[in-house]
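Next comes work.cif, with mmCIF, C-alpha atoms.
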```
data_model
loop_
_atom_site.label_atom_id
_atom_site.label_comp_id
_atom_site.auth_asym_id
_atom_site.auth_seq_id
_atom_site.Cartn_x
_atom_site.Cartn_y
_atom_site.Cartn_z
CA MET X 8 7.80 8.79 12.26
CA PRO X 9 6.02 5.78 10.76
CA ARG X 10 7.16 4.44 7.40
CA VAL X 11 4.53 5.10 4.74
CA ALA X 12 3.65 2.11 2.54
CA VAL X 13 1.59 2.33 -0.65
CA VAL X 14 0.14 -1.01 -1.78
CA SER X 15 -1.65 -1.25 -5.12
CA GLY X 16 -4.41 -3.80 -5.62
CA GLY X 17 -5.25 -3.94 -1.94
CA ALA X 18 -8.89 -4.96 -2.28
CA ARG X 19 -8.41 -8.71 -2.12
CA GLY X 20 -6.01 -11.61 -2.35
CA LEU X 21 -2.31 -10.98 -1.87
CA GLY X 22 -2.67 -7.19 -1.89
CA ARG X 23 -5.17 -7.27 0.95
CA ALA X 24 -2.91 -9.63 2.91
CA ILE X 25 0.09 -7.32 2.43
CA VAL X 26 -1.96 -4.36 3.65
CA ASP X 27 -3.09 -6.31 6.72
CA CYS X 28 0.40 -7.67 7.42
CA LEU X 29 1.99 -4.21 7.37
CA GLY X 30 -0.95 -2.63 9.19
CA ARG X 31 -0.61 -5.02 12.12
CA ARG X 32 3.04 -4.10 12.59
CA PRO X 33 4.00 -1.01 14.58
CA GLY X 34 5.69 1.78 12.70
CA TYR X 35 3.78 1.64 9.39
CA PHE X 36 1.24 4.03 7.86
CA VAL X 37 -0.52 2.00 5.15
CA ILE X 38 -2.16 3.51 2.06
CA ASP X 39 -4.41 0.94 0.39
CA THR X 40 -5.02 1.70 -3.30
CA ARG X 41 -7.45 -0.25 -5.44
CA ARG X 42 -9.53 0.29 -8.56
CA GLY X 43 -12.82 -0.21 -6.72
CA PRO X 44 -14.10 -1.48 -3.39
CA GLU X 45 -14.77 -5.03 -4.67
CA THR X 46 -15.52 -5.95 -1.07
CA GLU X 47 -17.60 -4.44 1.71
CA ARG X 48 -14.48 -3.93 3.74
CA SER X 49 -14.38 -0.49 5.31
CA VAL X 50 -11.32 1.50 6.28
CA GLU X 51 -10.17 -0.49 9.28
CA GLU X 52 -7.47 -0.02 11.85
CA ASN X 53 -4.91 -1.72 9.60
CA VAL X 54 -5.54 0.74 6.77
CA LYS X 55 -4.82 4.39 7.46
CA VAL X 56 -6.03 5.65 4.07
CA TRP X 57 -8.02 4.07 1.25
CA TYR X 58 -7.68 5.58 -2.23
CA GLY X 59 -9.45 4.56 -5.44
CA LEU X 60 -6.73 4.13 -8.07
CA ASP X 61 -7.09 2.53 -11.49
CA ILE X 62 -3.47 1.63 -12.22
CA SER X 63 -4.28 1.23 -15.94
CA GLN X 64 -5.14 4.93 -16.33
CA GLU X 65 -2.31 7.43 -16.70
CA HIS X 66 -4.37 10.39 -15.50
CA ALA X 67 -5.42 8.47 -12.37
CA ILE X 68 -1.78 7.76 -11.52
CA ASN X 69 -0.88 11.42 -12.07
CA ASP X 70 -3.69 12.54 -9.75
CA PHE X 71 -2.66 10.05 -7.06
CA VAL X 72 0.97 11.16 -7.12
CA GLU X 73 -0.05 14.82 -7.00
CA CYS X 74 -2.15 14.11 -3.90
CA CYS X 75 0.81 12.33 -2.30
CA LEU X 76 3.13 15.26 -2.97
CA LYS X 77 0.64 17.83 -1.70
CA GLY X 78 -0.52 15.75 1.27
CA GLN X 79 -4.11 15.81 0.06
CA GLN X 80 -6.83 13.27 1.00
CA GLY X 81 -4.63 11.94 3.76
CA LEU X 82 -1.92 10.76 1.34
CA ARG X 83 1.82 11.07 1.82
CA VAL X 84 4.98 10.38 -0.16
CA PRO X 85 5.76 6.72 0.54
CA ASP X 86 8.91 5.14 1.88
CA ILE X 87 7.67 1.81 0.50
CA LEU X 88 5.89 1.17 -2.81
CA VAL X 89 4.46 -2.30 -3.44
CA ASN X 90 3.39 -2.68 -7.08
CA ASN X 91 0.98 -5.56 -6.59
CA ALA X 92 -2.07 -4.84 -8.79
CA ALA X 93 -2.23 -7.23 -11.76
CA ILE X 94 -4.49 -9.12 -14.11
CA CYS X 95 -4.05 -12.56 -15.65
CA VAL X 96 -6.02 -13.26 -18.82
CA PRO X 97 -5.58 -16.45 -20.90
CA GLY X 98 -4.28 -15.96 -24.41
CA ALA X 99 -1.87 -13.66 -26.22
CA GLY X 100 -3.84 -11.72 -28.83
CA ARG X 101 -2.77 -8.13 -29.36
CA GLU X 102 -5.60 -6.64 -27.32
CA ILE X 103 -5.02 -9.09 -24.47
CA LEU X 104 -1.31 -8.28 -24.52
CA LYS X 105 -1.94 -4.52 -24.55
CA GLN X 106 -4.45 -4.73 -21.71
CA THR X 107 -2.20 -6.96 -19.61
CA LEU X 108 0.88 -4.81 -20.14
CA GLN X 109 -1.05 -1.66 -19.28
CA VAL X 110 -2.01 -3.00 -15.86
CA ASN X 111 0.95 -5.23 -15.02
CA PHE X 112 3.80 -3.17 -16.43
CA HIS X 113 3.05 0.35 -17.70
CA GLY X 114 1.00 1.38 -14.66
CA PRO X 115 3.60 0.25 -12.10
CA ALA X 116 6.41 1.70 -14.23
CA ARG X 117 4.76 5.13 -14.36
CA LEU X 118 3.86 5.14 -10.67
CA SER X 119 7.42 4.18 -9.74
CA LYS X 120 8.97 6.75 -12.04
CA LEU X 121 6.85 9.61 -10.70
CA LEU X 122 7.49 8.70 -7.07
CA MET X 123 11.07 7.41 -7.11
CA HIS X 124 13.01 10.64 -6.60
CA HIS X 125 10.50 12.01 -4.10
CA MET X 126 10.87 8.77 -2.15
CA ALA X 127 14.66 9.07 -2.31
CA GLU X 128 14.58 12.66 -1.05
CA LYS X 129 12.35 11.64 1.85
CA CYS X 130 14.40 8.55 2.69
CA GLU X 131 17.71 10.39 2.67
CA LYS X 132 17.21 11.05 6.38
CA ASN X 133 15.63 7.66 7.06
CA ALA X 134 17.96 5.03 8.48
CA CYS X 135 15.93 2.25 6.85
CA GLY X 136 15.95 3.73 3.36
CA GLY X 137 13.13 3.15 0.89
CA ILE X 138 12.10 0.32 -1.39
CA ILE X 139 10.08 -0.41 -4.51
CA ILE X 140 8.78 -3.99 -4.57
CA ASN X 141 7.50 -5.28 -7.88
CA ILE X 142 5.29 -8.33 -7.32
CA SER X 143 6.33 -10.69 -10.09
CA SER X 144 5.83 -14.37 -10.88
CA GLY X 145 7.75 -17.49 -11.77
CA ASP X 146 5.86 -17.28 -15.08
CA GLY X 147 7.95 -14.19 -15.79
CA GLU X 148 11.27 -16.01 -15.61
CA LEU X 149 13.20 -15.67 -18.86
CA ALA X 150 13.23 -19.45 -19.25
CA CYS X 151 9.45 -19.32 -19.80
CA LEU X 152 9.72 -17.01 -22.82
CA ASN X 153 10.27 -17.47 -26.52
CA SER X 154 14.06 -17.75 -26.97
CA GLU X 155 14.25 -14.69 -29.25
CA LEU X 156 12.21 -12.56 -26.86
CA ARG X 157 14.41 -13.76 -24.02
CA ARG X 158 17.52 -12.64 -25.93
CA VAL X 159 16.01 -9.21 -26.63
CA LEU X 160 14.99 -8.62 -23.02
CA GLU X 161 18.39 -9.70 -21.73
CA GLU X 162 19.99 -7.00 -23.90
CA VAL X 163 17.71 -4.13 -22.84
CA GLN X 164 19.68 -1.35 -21.14
CA THR X 165 17.13 1.46 -20.69
CA GLU X 166 13.46 1.85 -19.90
CA GLN X 167 13.01 3.53 -23.28
CA GLU X 168 14.39 0.44 -25.03
CA LEU X 169 12.11 -1.78 -22.96
CA ASN X 170 9.03 0.28 -23.86
CA GLN X 171 9.96 0.04 -27.54
CA VAL X 172 10.31 -3.75 -27.38
CA LEU X 173 6.87 -4.03 -25.77
CA ALA X 174 5.33 -1.64 -28.30
CA ASP X 175 6.75 -3.72 -31.15
CA LEU X 176 5.29 -6.87 -29.59
CA CYS X 177 1.86 -5.28 -29.32
CA GLU X 178 2.01 -4.15 -32.94
CA GLY X 179 3.20 -7.54 -34.19
CA LYS X 180 6.50 -6.16 -35.47
CA CYS X 181 8.67 -8.86 -33.95
CA LEU X 182 8.77 -12.64 -33.40
CA GLY X 183 6.98 -13.18 -36.72
CA GLY X 184 3.85 -14.67 -35.18
CA GLN X 185 5.75 -17.06 -32.91
CA GLU X 186 4.47 -17.89 -29.43
CA LEU X 187 5.45 -15.28 -26.86
CA ALA X 188 5.84 -17.69 -23.95
CA PHE X 189 5.00 -21.18 -22.74
CA GLY X 190 1.77 -21.93 -20.90
CA PRO X 191 -1.86 -20.78 -21.09
CA THR X 192 -1.18 -17.13 -20.10
CA PRO X 193 1.66 -15.88 -22.33
CA ALA X 194 0.61 -12.22 -22.08
CA TYR X 195 0.89 -12.45 -18.30
CA SER X 196 4.33 -14.07 -18.59
CA VAL X 197 5.57 -11.30 -20.88
CA SER X 198 4.22 -8.61 -18.56
CA LYS X 199 5.97 -10.10 -15.52
CA ALA X 200 9.21 -10.62 -17.45
CA ALA X 201 9.05 -6.95 -18.42
CA LEU X 202 8.45 -6.02 -14.77
CA ASN X 203 11.57 -8.00 -13.85
CA VAL X 204 13.62 -6.11 -16.42
CA LEU X 205 12.21 -2.87 -15.02
CA THR X 206 13.35 -3.93 -11.54
CA ARG X 207 16.89 -4.41 -12.81
CA LEU X 208 16.85 -1.02 -14.56
CA GLN X 209 15.45 0.73 -11.48
CA ALA X 210 18.14 -0.81 -9.29
CA ASN X 211 20.84 0.31 -11.74
CA GLU X 212 19.50 3.88 -11.74
CA MET X 213 19.31 3.94 -7.93
CA GLU X 214 22.91 2.79 -7.67
CA ARG X 215 24.14 5.19 -10.36
CA GLN X 216 22.46 8.18 -8.70
CA GLU X 217 23.33 6.97 -5.19
CA LEU X 218 19.71 7.02 -4.11
CA LYS X 219 18.90 5.56 -0.71
CA LEU X 220 16.42 3.16 -2.27
CA ARG X 221 16.20 -0.49 -3.28
CA SER X 222 14.21 -2.09 -6.08
CA VAL X 223 13.45 -5.80 -5.91
CA ALA X 224 11.12 -8.25 -7.61
CA VAL X 225 9.31 -10.77 -5.43
CA CYS X 226 7.65 -13.92 -6.71
CA PRO X 227 5.08 -14.79 -4.03
CA GLY X 228 4.81 -18.38 -5.25
CA ASP X 229 1.51 -20.15 -5.81
CA VAL X 230 -0.94 -18.30 -3.60
CA ASP X 231 -4.50 -19.33 -2.82
CA THR X 232 -6.20 -16.54 -4.76
CA ARG X 233 -8.41 -16.51 -7.84
CA MET X 234 -5.30 -15.97 -10.03
CA CYS X 235 -3.68 -19.20 -8.82
CA THR X 236 -2.87 -21.73 -11.58
CA ALA X 237 -1.13 -24.35 -9.43
CA GLU X 238 -1.89 -27.99 -10.12
CA ASN X 239 -2.61 -30.74 -7.62
CA GLY X 240 0.38 -31.61 -5.48
CA GLU X 241 2.07 -28.20 -5.78
CA LYS X 242 2.71 -26.17 -2.66
CA ILE X 243 0.11 -23.44 -2.27
CA LEU X 244 0.58 -20.61 0.22
CA THR X 245 -2.14 -18.68 1.95
CA PRO X 246 -2.19 -14.97 1.08
CA GLN X 247 -1.02 -14.29 4.63
CA GLU X 248 2.01 -16.57 4.25
CA ALA X 249 2.94 -14.96 0.95
CA ALA X 250 2.52 -11.47 2.43
CA GLU X 251 5.03 -12.29 5.17
CA ASN X 252 7.61 -13.00 2.45
CA VAL X 253 6.94 -9.59 0.91
CA VAL X 254 7.34 -7.88 4.29
CA TRP X 255 10.60 -9.82 4.75
CA ALA X 256 11.92 -8.09 1.63
CA ILE X 257 11.00 -4.72 3.13
CA GLU X 258 12.56 -5.34 6.53
CA ARG X 259 15.72 -7.28 5.61
CA PRO X 260 17.82 -5.08 3.28
CA LEU X 261 21.03 -7.04 3.92
CA GLU X 262 19.39 -10.35 3.01
CA CYS X 263 17.42 -8.83 0.14
CA PRO X 264 19.73 -6.42 -1.73
CA SER X 265 18.57 -4.21 -4.56
CA GLY X 266 18.30 -5.60 -8.07
CA GLY X 267 17.36 -9.15 -7.09
CA PHE X 268 14.48 -11.53 -7.80
CA TYR X 269 13.28 -13.45 -4.74
CA ARG X 270 11.01 -16.36 -3.89
CA ASP X 271 10.60 -17.98 -0.46
CA ARG X 272 13.20 -15.52 0.86
CA GLN X 273 15.84 -16.81 -1.56
CA ALA X 274 17.33 -15.25 -4.69
CA ILE X 275 16.22 -16.94 -7.91
CA PRO X 276 17.35 -16.55 -11.55
CA TRP X 277 15.76 -13.92 -13.74
#
```

Written as structure tokens, how would this file's structure read?
Amino acid sequence: MPRVAVVSGGARGLGRAIVDCLGRRPGYFVIDTRRGPETERSVEENVKVWYGLDISQEHAINDFVECCLKGQQGLRVPDILVNNAAICVPGAGREILKQTLQVNFHGPARLSKLLMHHMAEKCEKNACGGIIINISSGDGELACLNSELRRVLEEVQTEQELNQVLADLCEGKCLGGQELAFGPTPAYSVSKAALNVLTRLQANEMERQELKLRSVAVCPGDVDTRMCTAENGEKILTPQEAAENVVWAIERPLECPSGGFYRDRQAIPW
């Protein structure tokens, strides 16, 4: 039986490259989810199913998961979930932070939570096991954050605590108006740092419940897409090169154990 892979944000850039990279390999059934077509690309050989999913909308995620569980519209419960869809907006106003967190953190968190135990049940008989890959960023490293926010995130022990921290940030109840993070896209940095914390919490839950799943965060590096902020002289990967590193995480469980943060096929600090 082929391994089923769900990739969010598959319309363009890295997401499209991941879909193509998996689709070209034997043994994968790829479900490409995206908010809208955004390209004239049709359902090709590399994509078994295309599904319109707005990861920022809770009801849309619920409907997608229900279709997966019931086998409707060609969907199936995945063995592999790649949370790739993201936005990157300059600034850190409350509305920008809320919008960014909704897409980059809350959507992936909900999708993962609804699918995790169904994936584990399916993968119990699968020699390869299952995996949740959260596409992160070096901008989400704790060293990029306000020192107080870094301390708070390091101490988070549950997803409920994490959600409360993020809610307080959005409501201006903490940090006293201080900068959230360094750089021109602090909201993006916070969202990716939160996704990293989620990865750690997911991995802990999987281990505690002895689920045959892994959860890892992958920083693809500076990739030649419209979200790229690399400066002259920095190494920039093609989307195809970056996608190969994501597929490495899927196919090399011994080299990429659960609960880690990886870049260029190497573990890096949170």

Find the spatial neighbours of stretch 74-80 of chain X, counting only C-alpha atoms, within a cut-off of 12 Å - ignore same-chain residues fewer than 2 positions away - and output them as a ChimeraX atom specification.
-> /X:11-13,38,55-60,67-72,82-86,118,121-126,128-129

Let me see the file: selected residues, C-alpha atoms, as a JSON list (two decimals), keeping the file's coordinate frame.
```
[["chain", "number", "residue", "atom", "x", "y", "z"],
["X", 11, "VAL", "CA", 4.53, 5.10, 4.74],
["X", 12, "ALA", "CA", 3.65, 2.11, 2.54],
["X", 13, "VAL", "CA", 1.59, 2.33, -0.65],
["X", 38, "ILE", "CA", -2.16, 3.51, 2.06],
["X", 55, "LYS", "CA", -4.82, 4.39, 7.46],
["X", 56, "VAL", "CA", -6.03, 5.65, 4.07],
["X", 57, "TRP", "CA", -8.02, 4.07, 1.25],
["X", 58, "TYR", "CA", -7.68, 5.58, -2.23],
["X", 59, "GLY", "CA", -9.45, 4.56, -5.44],
["X", 60, "LEU", "CA", -6.73, 4.13, -8.07],
["X", 67, "ALA", "CA", -5.42, 8.47, -12.37],
["X", 68, "ILE", "CA", -1.78, 7.76, -11.52],
["X", 69, "ASN", "CA", -0.88, 11.42, -12.07],
["X", 70, "ASP", "CA", -3.69, 12.54, -9.75],
["X", 71, "PHE", "CA", -2.66, 10.05, -7.06],
["X", 72, "VAL", "CA", 0.97, 11.16, -7.12],
["X", 82, "LEU", "CA", -1.92, 10.76, 1.34],
["X", 83, "ARG", "CA", 1.82, 11.07, 1.82],
["X", 84, "VAL", "CA", 4.98, 10.38, -0.16],
["X", 85, "PRO", "CA", 5.76, 6.72, 0.54],
["X", 86, "ASP", "CA", 8.91, 5.14, 1.88],
["X", 118, "LEU", "CA", 3.86, 5.14, -10.67],
["X", 121, "LEU", "CA", 6.85, 9.61, -10.70],
["X", 122, "LEU", "CA", 7.49, 8.70, -7.07],
["X", 123, "MET", "CA", 11.07, 7.41, -7.11],
["X", 124, "HIS", "CA", 13.01, 10.64, -6.60],
["X", 125, "HIS", "CA", 10.50, 12.01, -4.10],
["X", 126, "MET", "CA", 10.87, 8.77, -2.15],
["X", 128, "GLU", "CA", 14.58, 12.66, -1.05],
["X", 129, "LYS", "CA", 12.35, 11.64, 1.85]]
```

When the PyMOL selection byres ((chain X and resi 89) around 7) is applied to the file above, which residues end up in the set, as a list in words?
-> Val13, Val14, Ser15, Ile87, Leu88, Asn90, Asn91, Ile139, Ile140 and Asn141 of chain X

With stretch 103-114 of chain X as the partner and 8 Å as the cut-off, tabulate the residues of stretch 135-203 of chain X that qualify, each row holding the nearest pair of atoms and their distance in Å to one decimal, using only C-alpha atoms, sorted by chain and rising number, as a Markdown table.
```
| residue | atom | partner | partner_atom | distance |
| --- | --- | --- | --- | --- |
| X:Cys177 | CA | X:Lys105 | CA | 6.1 |
| X:Ala194 | CA | X:Leu104 | CA | 5.0 |
| X:Tyr195 | CA | X:Thr107 | CA | 6.4 |
| X:Ser198 | CA | X:Leu108 | CA | 5.3 |
| X:Lys199 | CA | X:Asn111 | CA | 7.0 |
| X:Ala201 | CA | X:Phe112 | CA | 6.8 |
| X:Leu202 | CA | X:Phe112 | CA | 5.7 |
```

Between X:Glu166, X:Glu217, X:Glu155, X:Glu251, single out the one closest to X:Cys181, counting all atoms listed in the file.
->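 Using all atoms listed in the file, the shortest distance to X:Cys181 belongs to X:Glu155.
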
Pick out the closest residue to X:Ala224 from this set: X:Glu212, X:Asp39, X:Glu178, X:Glu148. Count only C-alpha atoms.
->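 Counting only C-alpha atoms, the residue closest to X:Ala224 is X:Glu148.
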
Just say which residues the PyMOL selection byres ((chain X and resi 153) around 12) picks in this file, as an MDAnalysis selection string.
-> chainID X and resid 147:152 154:160 181:190 193:194 196:197 200

Those same residues, written as an mmCIF file, in the frame of the given file with C-alpha atoms?
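Contents of selection_25.cif, freshly written:
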```cif
data_model
loop_
_atom_site.group_PDB
_atom_site.id
_atom_site.type_symbol
_atom_site.label_atom_id
_atom_site.label_comp_id
_atom_site.auth_asym_id
_atom_site.auth_seq_id
_atom_site.Cartn_x
_atom_site.Cartn_y
_atom_site.Cartn_z
ATOM 1 C CA GLY X 147 7.950 -14.190 -15.790
ATOM 2 C CA GLU X 148 11.270 -16.010 -15.610
ATOM 3 C CA LEU X 149 13.200 -15.670 -18.860
ATOM 4 C CA ALA X 150 13.230 -19.450 -19.250
ATOM 5 C CA CYS X 151 9.450 -19.320 -19.800
ATOM 6 C CA LEU X 152 9.720 -17.010 -22.820
ATOM 7 C CA SER X 154 14.060 -17.750 -26.970
ATOM 8 C CA GLU X 155 14.250 -14.690 -29.250
ATOM 9 C CA LEU X 156 12.210 -12.560 -26.860
ATOM 10 C CA ARG X 157 14.410 -13.760 -24.020
ATOM 11 C CA ARG X 158 17.520 -12.640 -25.930
ATOM 12 C CA VAL X 159 16.010 -9.210 -26.630
ATOM 13 C CA LEU X 160 14.990 -8.620 -23.020
ATOM 14 C CA CYS X 181 8.670 -8.860 -33.950
ATOM 15 C CA LEU X 182 8.770 -12.640 -33.400
ATOM 16 C CA GLY X 183 6.980 -13.180 -36.720
ATOM 17 C CA GLY X 184 3.850 -14.670 -35.180
ATOM 18 C CA GLN X 185 5.750 -17.060 -32.910
ATOM 19 C CA GLU X 186 4.470 -17.890 -29.430
ATOM 20 C CA LEU X 187 5.450 -15.280 -26.860
ATOM 21 C CA ALA X 188 5.840 -17.690 -23.950
ATOM 22 C CA PHE X 189 5.000 -21.180 -22.740
ATOM 23 C CA GLY X 190 1.770 -21.930 -20.900
ATOM 24 C CA PRO X 193 1.660 -15.880 -22.330
ATOM 25 C CA ALA X 194 0.610 -12.220 -22.080
ATOM 26 C CA SER X 196 4.330 -14.070 -18.590
ATOM 27 C CA VAL X 197 5.570 -11.300 -20.880
ATOM 28 C CA ALA X 200 9.210 -10.620 -17.450
#
```

Just say which residues the PyMOL selection byres ((chain X and resi 33) around 12) picks in this file, as an MDAnalysis selection string.
-> chainID X and resid 8:11 27:32 34:37 52:53

Go through X:His66, X:Arg221, X:Arg270, X:Lys180 and flag the residue nearest X:Ala250, using all atoms listed in the file for the distances.
->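 Checking each of X:His66, X:Arg221, X:Arg270, X:Lys180 against X:Ala250, counting all atoms listed in the file, the winner is X:Arg270.
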
Give the answer as one residue: which of X:Pro276, X:Val254, X:Gly145, X:Leu244 has the shortest atom-to-atom distance to X:Thr232, using all atoms listed in the file?
->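 The shortest atom-to-atom distance to X:Thr232 comes from X:Leu244.
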
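Using all atoms listed in the file, the shortest contact distance between X:Phe268 and any of X:Arg23, X:Arg41, X:Arg207, X:Lys132 is found at X:Arg207.
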
Take atom CA of X:Glu258 and atom CA of X:Ser143 and report the distance between them in Å, one decimal.
-> 18.5 Å
